[in-house]
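Shown below: coords15.txt, with compact mmCIF, C-alpha atoms and all ligand atoms.
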```txt
# COMPACT_ATOMS: atom_id res chain seq x y z
CA MET A 1 -20.30 -14.49 13.65
CA ALA A 2 -21.70 -12.13 10.98
CA PHE A 3 -19.50 -11.34 7.96
CA LEU A 4 -18.04 -8.02 9.09
CA ILE A 5 -17.40 -5.58 6.24
CA ARG A 6 -17.05 -2.26 8.07
CA ASN A 7 -14.90 -1.45 11.09
CA THR A 8 -16.57 -1.08 14.47
CA GLN A 9 -15.27 0.51 17.69
CA THR A 10 -13.72 -2.82 18.68
CA ARG A 11 -13.08 -4.69 15.40
CA TYR A 12 -11.59 -4.27 11.97
CA GLY A 13 -13.88 -5.38 9.13
CA TRP A 14 -12.77 -7.44 6.14
CA ILE A 15 -12.18 -4.50 3.77
CA ALA A 16 -9.73 -2.82 6.18
CA ILE A 17 -7.99 -6.16 6.89
CA LEU A 18 -7.60 -7.09 3.22
CA LEU A 19 -6.37 -3.62 2.25
CA HIS A 20 -3.91 -3.61 5.17
CA TRP A 21 -2.20 -6.88 4.17
CA LEU A 22 -2.38 -6.33 0.42
CA ILE A 23 -0.83 -2.85 0.68
CA GLY A 24 1.65 -3.98 3.37
CA LEU A 25 2.99 -6.84 1.25
CA LEU A 26 3.07 -4.75 -1.94
CA PHE A 27 4.77 -1.87 -0.14
CA ILE A 28 7.52 -4.04 1.35
CA GLY A 29 7.93 -5.83 -2.00
CA GLN A 30 8.13 -2.48 -3.77
CA ILE A 31 10.92 -1.27 -1.44
CA ALA A 32 12.84 -4.54 -2.00
CA LEU A 33 12.33 -4.27 -5.77
CA GLY A 34 13.49 -0.63 -5.76
CA LEU A 35 16.64 -1.46 -3.78
CA ALA A 36 17.41 -4.46 -6.03
CA MET A 37 16.77 -2.80 -9.40
CA VAL A 38 19.20 0.08 -8.78
CA ARG A 39 21.92 -2.49 -8.06
CA VAL A 40 21.36 -4.77 -11.08
CA THR A 41 24.25 -4.62 -13.55
CA SER A 42 22.38 -5.72 -16.71
CA GLN A 43 20.85 -2.57 -18.25
CA ARG A 44 18.07 -4.55 -19.91
CA THR A 45 17.03 -6.28 -16.66
CA ALA A 46 17.23 -2.96 -14.78
CA PHE A 47 14.99 -1.32 -17.41
CA GLU A 48 12.39 -4.09 -17.17
CA LEU A 49 12.43 -4.05 -13.36
CA ILE A 50 11.99 -0.27 -13.33
CA GLN A 51 8.92 -0.57 -15.62
CA LEU A 52 7.45 -3.16 -13.21
CA HIS A 53 8.34 -0.91 -10.25
CA LYS A 54 6.52 2.03 -11.87
CA SER A 55 3.41 -0.09 -12.55
CA LEU A 56 3.31 -1.44 -8.98
CA GLY A 57 3.86 2.09 -7.66
CA PHE A 58 0.75 3.36 -9.43
CA LEU A 59 -1.24 0.33 -8.28
CA LEU A 60 -0.15 1.14 -4.72
CA LEU A 61 -1.10 4.79 -5.10
CA GLY A 62 -4.63 3.76 -6.15
CA LEU A 63 -4.96 1.21 -3.34
CA VAL A 64 -3.71 3.69 -0.73
CA ALA A 65 -6.21 6.33 -1.92
CA LEU A 66 -8.95 3.69 -1.58
CA ARG A 67 -7.72 2.71 1.86
CA LEU A 68 -7.58 6.31 3.09
CA GLY A 69 -11.13 6.90 1.83
CA TRP A 70 -12.32 3.75 3.60
CA ARG A 71 -10.54 4.74 6.80
CA LEU A 72 -12.03 8.24 6.79
CA ALA A 73 -15.51 6.81 6.18
CA ASN A 74 -15.14 4.06 8.81
CA GLY A 75 -12.86 5.15 11.63
CA THR A 76 -10.70 2.59 13.42
CA PRO A 77 -11.18 0.45 16.55
CA ASN A 78 -10.07 1.92 19.89
CA LEU A 79 -6.78 0.88 21.44
CA PRO A 80 -6.93 -1.75 24.20
CA ALA A 81 -7.68 -0.30 27.62
CA GLY A 82 -4.19 -1.10 29.01
CA THR A 83 -2.30 0.90 26.34
CA GLY A 84 0.12 3.42 27.89
CA LEU A 85 -0.07 7.18 27.34
CA LEU A 86 3.14 7.33 25.29
CA GLU A 87 1.88 4.74 22.82
CA ARG A 88 -1.54 6.38 22.70
CA ARG A 89 0.23 9.49 21.36
CA ALA A 90 2.92 7.73 19.28
CA ALA A 91 0.71 5.20 17.47
CA PRO A 92 -1.49 7.72 15.59
CA ALA A 93 1.60 9.78 14.69
CA ALA A 94 3.37 6.68 13.32
CA HIS A 95 0.28 5.64 11.37
CA PHE A 96 -0.05 9.14 9.93
CA ALA A 97 3.63 9.04 8.89
CA LEU A 98 3.13 5.61 7.27
CA TYR A 99 0.17 6.90 5.23
CA ALA A 100 2.14 10.02 4.27
CA LEU A 101 5.03 7.86 3.05
CA GLN A 102 2.68 5.59 1.12
CA LEU A 103 1.47 8.68 -0.77
CA LEU A 104 4.75 10.58 -1.04
CA LEU A 105 6.80 7.62 -2.30
CA PRO A 106 4.75 7.03 -5.46
CA LEU A 107 4.37 10.79 -5.98
CA THR A 108 8.14 11.45 -5.80
CA GLY A 109 8.74 8.39 -8.03
CA TRP A 110 6.26 9.84 -10.51
CA ALA A 111 7.98 13.27 -10.27
CA LEU A 112 11.38 11.63 -10.81
CA VAL A 113 10.37 9.97 -14.09
CA SER A 114 8.50 13.14 -15.15
CA ALA A 115 11.66 15.23 -14.64
CA SER A 116 13.87 12.87 -16.64
CA VAL A 117 15.37 14.26 -19.86
CA LEU A 118 15.17 10.71 -21.28
CA GLU A 119 11.37 11.08 -21.44
CA ILE A 120 10.71 7.33 -21.26
CA PRO A 121 6.91 6.90 -21.27
CA THR A 122 5.32 5.36 -18.17
CA MET A 123 2.76 2.70 -19.05
CA PRO A 124 1.26 1.02 -15.95
CA PHE A 125 1.04 -2.71 -16.77
CA ASP A 126 1.24 -1.75 -20.50
CA LEU A 127 -2.35 -0.55 -20.33
CA PHE A 128 -2.11 3.19 -21.04
CA VAL A 129 0.37 6.06 -21.04
CA MET A 130 0.43 7.85 -17.71
CA PRO A 131 0.85 11.62 -18.21
CA ASN A 132 3.87 13.23 -16.58
CA LEU A 133 3.59 15.52 -13.58
CA PRO A 134 4.16 19.23 -14.33
CA VAL A 135 7.74 19.40 -12.97
CA ALA A 136 10.81 20.97 -14.57
CA VAL A 137 12.57 18.56 -16.94
CA SER A 138 16.33 18.65 -16.25
CA ASP A 139 19.15 16.46 -14.95
CA ALA A 140 19.31 18.53 -11.76
CA GLY A 141 15.54 18.19 -11.21
CA GLU A 142 15.65 14.44 -11.78
CA ALA A 143 18.57 14.10 -9.33
CA TRP A 144 16.65 16.06 -6.70
CA TRP A 145 13.51 13.92 -6.99
CA ARG A 146 15.64 10.74 -7.04
CA ALA A 147 17.31 11.76 -3.77
CA ALA A 148 13.92 12.62 -2.21
CA HIS A 149 12.48 9.28 -3.39
CA ALA A 150 15.43 7.33 -1.96
CA CYS A 151 15.39 9.23 1.41
CA LEU A 152 11.65 8.56 1.80
CA ALA A 153 12.22 4.87 0.98
CA TYR A 154 14.88 4.59 3.72
CA ALA A 155 12.55 6.37 6.17
CA ALA A 156 9.86 3.83 5.20
CA VAL A 157 12.21 0.93 6.03
CA VAL A 158 12.71 2.39 9.53
CA LEU A 159 8.99 3.08 10.12
CA VAL A 160 7.78 -0.27 8.79
CA THR A 161 10.31 -2.02 11.07
CA ILE A 162 9.05 -0.07 14.10
CA HIS A 163 5.44 -0.83 13.07
CA VAL A 164 6.10 -4.59 12.83
CA LEU A 165 8.02 -4.65 16.13
CA ALA A 166 5.21 -2.74 17.88
CA ALA A 167 2.60 -5.23 16.59
CA LEU A 168 4.75 -8.19 17.76
CA ARG A 169 5.20 -6.56 21.17
CA HIS A 170 1.44 -6.24 21.53
CA HIS A 171 0.95 -9.88 20.70
CA PHE A 172 3.80 -11.58 22.54
CA ARG A 173 4.51 -9.20 25.44
CA LEU A 174 1.24 -7.46 26.21
CA GLY A 175 -1.00 -10.33 25.06
CA ASP A 176 -3.71 -8.01 23.72
CA THR A 177 -5.72 -8.13 20.46
CA VAL A 178 -3.91 -5.41 18.51
CA LEU A 179 -2.30 -7.90 16.08
CA THR A 180 -5.02 -10.56 15.94
CA ARG A 181 -7.80 -8.08 15.25
CA MET A 182 -5.92 -7.13 12.05
CA ILE A 183 -5.92 -10.82 10.99
CA LEU A 184 -9.48 -12.06 11.48
CA PRO A 185 -12.59 -10.18 12.68
CA SER A 186 -13.70 -13.34 14.53
CA ARG A 187 -10.39 -13.54 16.43
CA GLN A 188 -11.23 -10.39 18.31
CA ARG A 189 -12.33 -10.20 21.87
CA ASP A 190 -13.40 -6.96 23.39
CA ASP A 191 -10.46 -5.60 25.37
CA THR A 192 -10.82 -2.02 24.15
CA GLU A 193 -11.63 0.97 26.26
CA PRO A 194 -15.27 1.90 26.66
CA GLU A 195 -16.12 5.14 24.81
C1 LIG A 201 5.01 2.96 -2.72
C2 LIG A 201 5.62 3.14 -3.86
C3 LIG A 201 7.10 3.12 -4.08
C4 LIG A 201 8.12 2.66 -3.28
C5 LIG A 201 8.02 2.04 -1.89
C6 LIG A 201 9.37 2.87 -3.99
C7 LIG A 201 10.64 2.54 -3.53
C8 LIG A 201 11.82 2.73 -4.22
C9 LIG A 201 13.14 2.39 -3.75
C10 LIG A 201 13.46 1.75 -2.40
C11 LIG A 201 14.03 2.74 -4.70
C12 LIG A 201 15.56 2.61 -4.62
C13 LIG A 201 16.13 3.91 -4.08
C14 LIG A 201 17.65 3.89 -4.06
O1 LIG A 201 18.21 3.15 -3.23
O2 LIG A 201 18.23 4.61 -4.86
C15 LIG A 201 13.29 3.28 -5.81
C16 LIG A 201 13.84 3.74 -6.99
C17 LIG A 201 13.11 4.18 -8.08
N1 LIG A 201 11.76 4.39 -8.12
FE1 LIG A 201 10.42 3.94 -6.69
N2 LIG A 201 9.07 3.46 -5.20
C18 LIG A 201 7.70 3.61 -5.30
C19 LIG A 201 6.98 4.15 -6.36
C20 LIG A 201 7.53 4.58 -7.55
C21 LIG A 201 6.77 5.11 -8.67
C22 LIG A 201 5.24 5.29 -8.73
C23 LIG A 201 7.68 5.41 -9.64
C24 LIG A 201 7.46 5.99 -10.99
C25 LIG A 201 6.32 6.18 -11.60
C26 LIG A 201 9.00 5.06 -9.14
C27 LIG A 201 10.18 5.21 -9.84
C28 LIG A 201 11.43 4.85 -9.38
C29 LIG A 201 12.62 4.94 -10.19
C30 LIG A 201 12.72 5.37 -11.65
C31 LIG A 201 13.68 4.52 -9.37
C32 LIG A 201 15.16 4.36 -9.75
C33 LIG A 201 15.89 5.64 -9.45
C34 LIG A 201 17.31 5.48 -9.91
O3 LIG A 201 17.51 5.31 -11.09
O4 LIG A 201 18.18 5.58 -9.05
N3 LIG A 201 8.87 4.56 -7.86
N4 LIG A 201 11.96 3.28 -5.48
```

As structure tokens, how would this structure be written, given the file I've shared?
Ligand code: HEM
Amino acid sequence: MAFLIRNTQTRYGWIAILLHWLIGLLFIGQIALGLAMVRVTSQRTAFELIQLHKSLGFLLLGLVALRLGWRLANGTPNLPAGTGLLERRAAPAAHFALYALQLLLPLTGWALVSASVLEIPTMPFDLFVMPNLPVAVSDAGEAWWRAAHACLAYAAVVLVTIHVLAALRHHFRLGDTVLTRMILPSRQRDDTEPE
């Protein structure tokens, strides 16, 4: 089969597949790192983990922007013909919420460090100094952005769990191509609705 770069009405191409798994793994790793680093007792280790967390957060922000651009330029395959009405409505809403979280999490993290009175510079992967966002610098402001960042992270845990369970249900219960078509373009058979 031809090397599929772009999505079609029935298949995901390689760019969408690679971005999906790269961002998915980084995103889950970033949540785990965030939860671990705020619980570490050694201040030095916590500091180093937070610098890594900030770098990965900016990497994710760039990758998600790329992915959204690719998605808007490409569209996505149709759902399999047997998909129920409820899921037809819920799936796009859940995907929209996942994209929103992938943008809002790094942005609130960025706002949180920008609001900090400690004014520790953010240097993604030690390459350059990232400018701060224009937010008020105060303890109260930092606390607000920290709470927003944490709430969004917990919402992301819930949504990612639902997303994974839905994909597994498609594969093991419904036996359709929703999961496999996000793994290999050549593993896809055409069980989507006709346009
Ligand atoms: C997709 C990207 C991101 C995810 C999924 C994420 C996730 C998390 C999580 C789960 C926590 C722990 C929350 C808690 O339990 O208190 C956290 C904390 C934190 N995040 Fe992020 N984050 C992301 C991006 C960023 C970015 C881009 C920055 C900064 C530039 C950042 C800065 C921080 C800081 C400083 C903390 C520690 C807050 C504290 O001291 O309590 N995060 N993040």

Environment of ligand LIG 201 (chain A) within 9 Å, counting only C-alpha atoms and all ligand atoms, reported as a ChimeraX atom specification: /A:23,26-39,50-51,53-61,64,101-114,122-124,130,132,143,145-147,149-154,156-157

With a distance cut-off of 9 Å and all atoms listed in the file, select the neighbouring residues of Ala136 (chain A), excluding the residue or stretch itself and same-chain residues fewer than 3 positions from it, and output the selection as a PDB file with C-alpha atoms, keeping the file's coordinate frame.
```pdb
ATOM      1  CA  SER A 114       8.500  13.140 -15.150  1.00  0.00           C
ATOM      2  CA  ALA A 115      11.660  15.230 -14.640  1.00  0.00           C
ATOM      3  CA  SER A 116      13.870  12.870 -16.640  1.00  0.00           C
ATOM      4  CA  GLY A 141      15.540  18.190 -11.210  1.00  0.00           C
ATOM      5  CA  GLU A 142      15.650  14.440 -11.780  1.00  0.00           C
TER       6      GLU A 142
END
```

Pick from A:Gly24, A:Ala91, A:Leu63, A:Leu4, whichever lies nearest to Val178 (chain A) using all atoms listed in the file: A:Ala91

All residues 12 Å or closer to region 76-83 of chain A, all atoms listed in the file, same chain fewer than 5 positions away omitted, as a ChimeraX atom specification: /A:6-13,16-17,67-68,70-71,88-92,95,166,169-171,174-179,181-182,185,188-195

Selected residue, from A:Glu87, A:Ala65, A:Val40, A:Leu133, that lies nearest to Tyr99 (chain A) when counting only C-alpha atoms: A:Ala65

Gap from CA of Leu22 (chain A) to CA of Leu184 (chain A) - Å, one decimal: 14.3 Å

Atom-to-atom span, CA of Leu52 (chain A) and CA of Phe128 (chain A), Å: 13.9 Å

Axis-aligned box for all listed atoms of region 182-185 of chain A, 3 Å per side, centre and edges in Å to one decimal, as AutoDock Vina command-line options:
```
--center_x -9.3 --center_y -9.6 --center_z 11.8 --size_x 12.7 --size_y 10.9 --size_z 7.7
```

Computed interatomic separation between CA of Ala155 (chain A) and CA of His20 (chain A) (Å): 19.3 Å

Starting from the incomplete input, reconstruct N, CA and C atoms of region 32-44 of chain A and report them as a compact mmCIF listing (two decimals), in the frame of the given file.
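So part31.txt came out as:
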```txt
# COMPACT_ATOMS: atom_id res chain seq x y z
N ALA A 32 11.80 -3.54 -1.66
CA ALA A 32 12.84 -4.54 -2.00
C ALA A 32 13.16 -4.47 -3.50
N LEU A 33 12.12 -4.36 -4.33
CA LEU A 33 12.33 -4.27 -5.77
C LEU A 33 13.14 -3.02 -6.12
N GLY A 34 12.78 -1.89 -5.51
CA GLY A 34 13.49 -0.63 -5.76
C GLY A 34 14.97 -0.75 -5.40
N LEU A 35 15.24 -1.32 -4.22
CA LEU A 35 16.64 -1.46 -3.78
C LEU A 35 17.40 -2.40 -4.70
N ALA A 36 16.73 -3.47 -5.16
CA ALA A 36 17.41 -4.46 -6.03
C ALA A 36 17.66 -3.89 -7.42
N MET A 37 16.67 -3.21 -7.97
CA MET A 37 16.77 -2.80 -9.40
C MET A 37 17.85 -1.75 -9.62
N VAL A 38 18.13 -0.91 -8.58
CA VAL A 38 19.20 0.08 -8.78
C VAL A 38 20.59 -0.53 -8.61
N ARG A 39 20.63 -1.82 -8.23
CA ARG A 39 21.92 -2.49 -8.06
C ARG A 39 22.18 -3.53 -9.15
N VAL A 40 21.20 -3.77 -10.02
CA VAL A 40 21.36 -4.77 -11.08
C VAL A 40 22.34 -4.25 -12.12
N THR A 41 23.25 -5.11 -12.60
CA THR A 41 24.25 -4.62 -13.55
C THR A 41 23.74 -4.66 -15.00
N SER A 42 22.88 -5.64 -15.33
CA SER A 42 22.38 -5.72 -16.71
C SER A 42 21.39 -4.56 -16.95
N GLN A 43 21.70 -3.75 -17.96
CA GLN A 43 20.85 -2.57 -18.25
C GLN A 43 19.45 -2.99 -18.67
N ARG A 44 19.37 -4.08 -19.42
CA ARG A 44 18.07 -4.55 -19.91
C ARG A 44 17.19 -5.00 -18.73
```
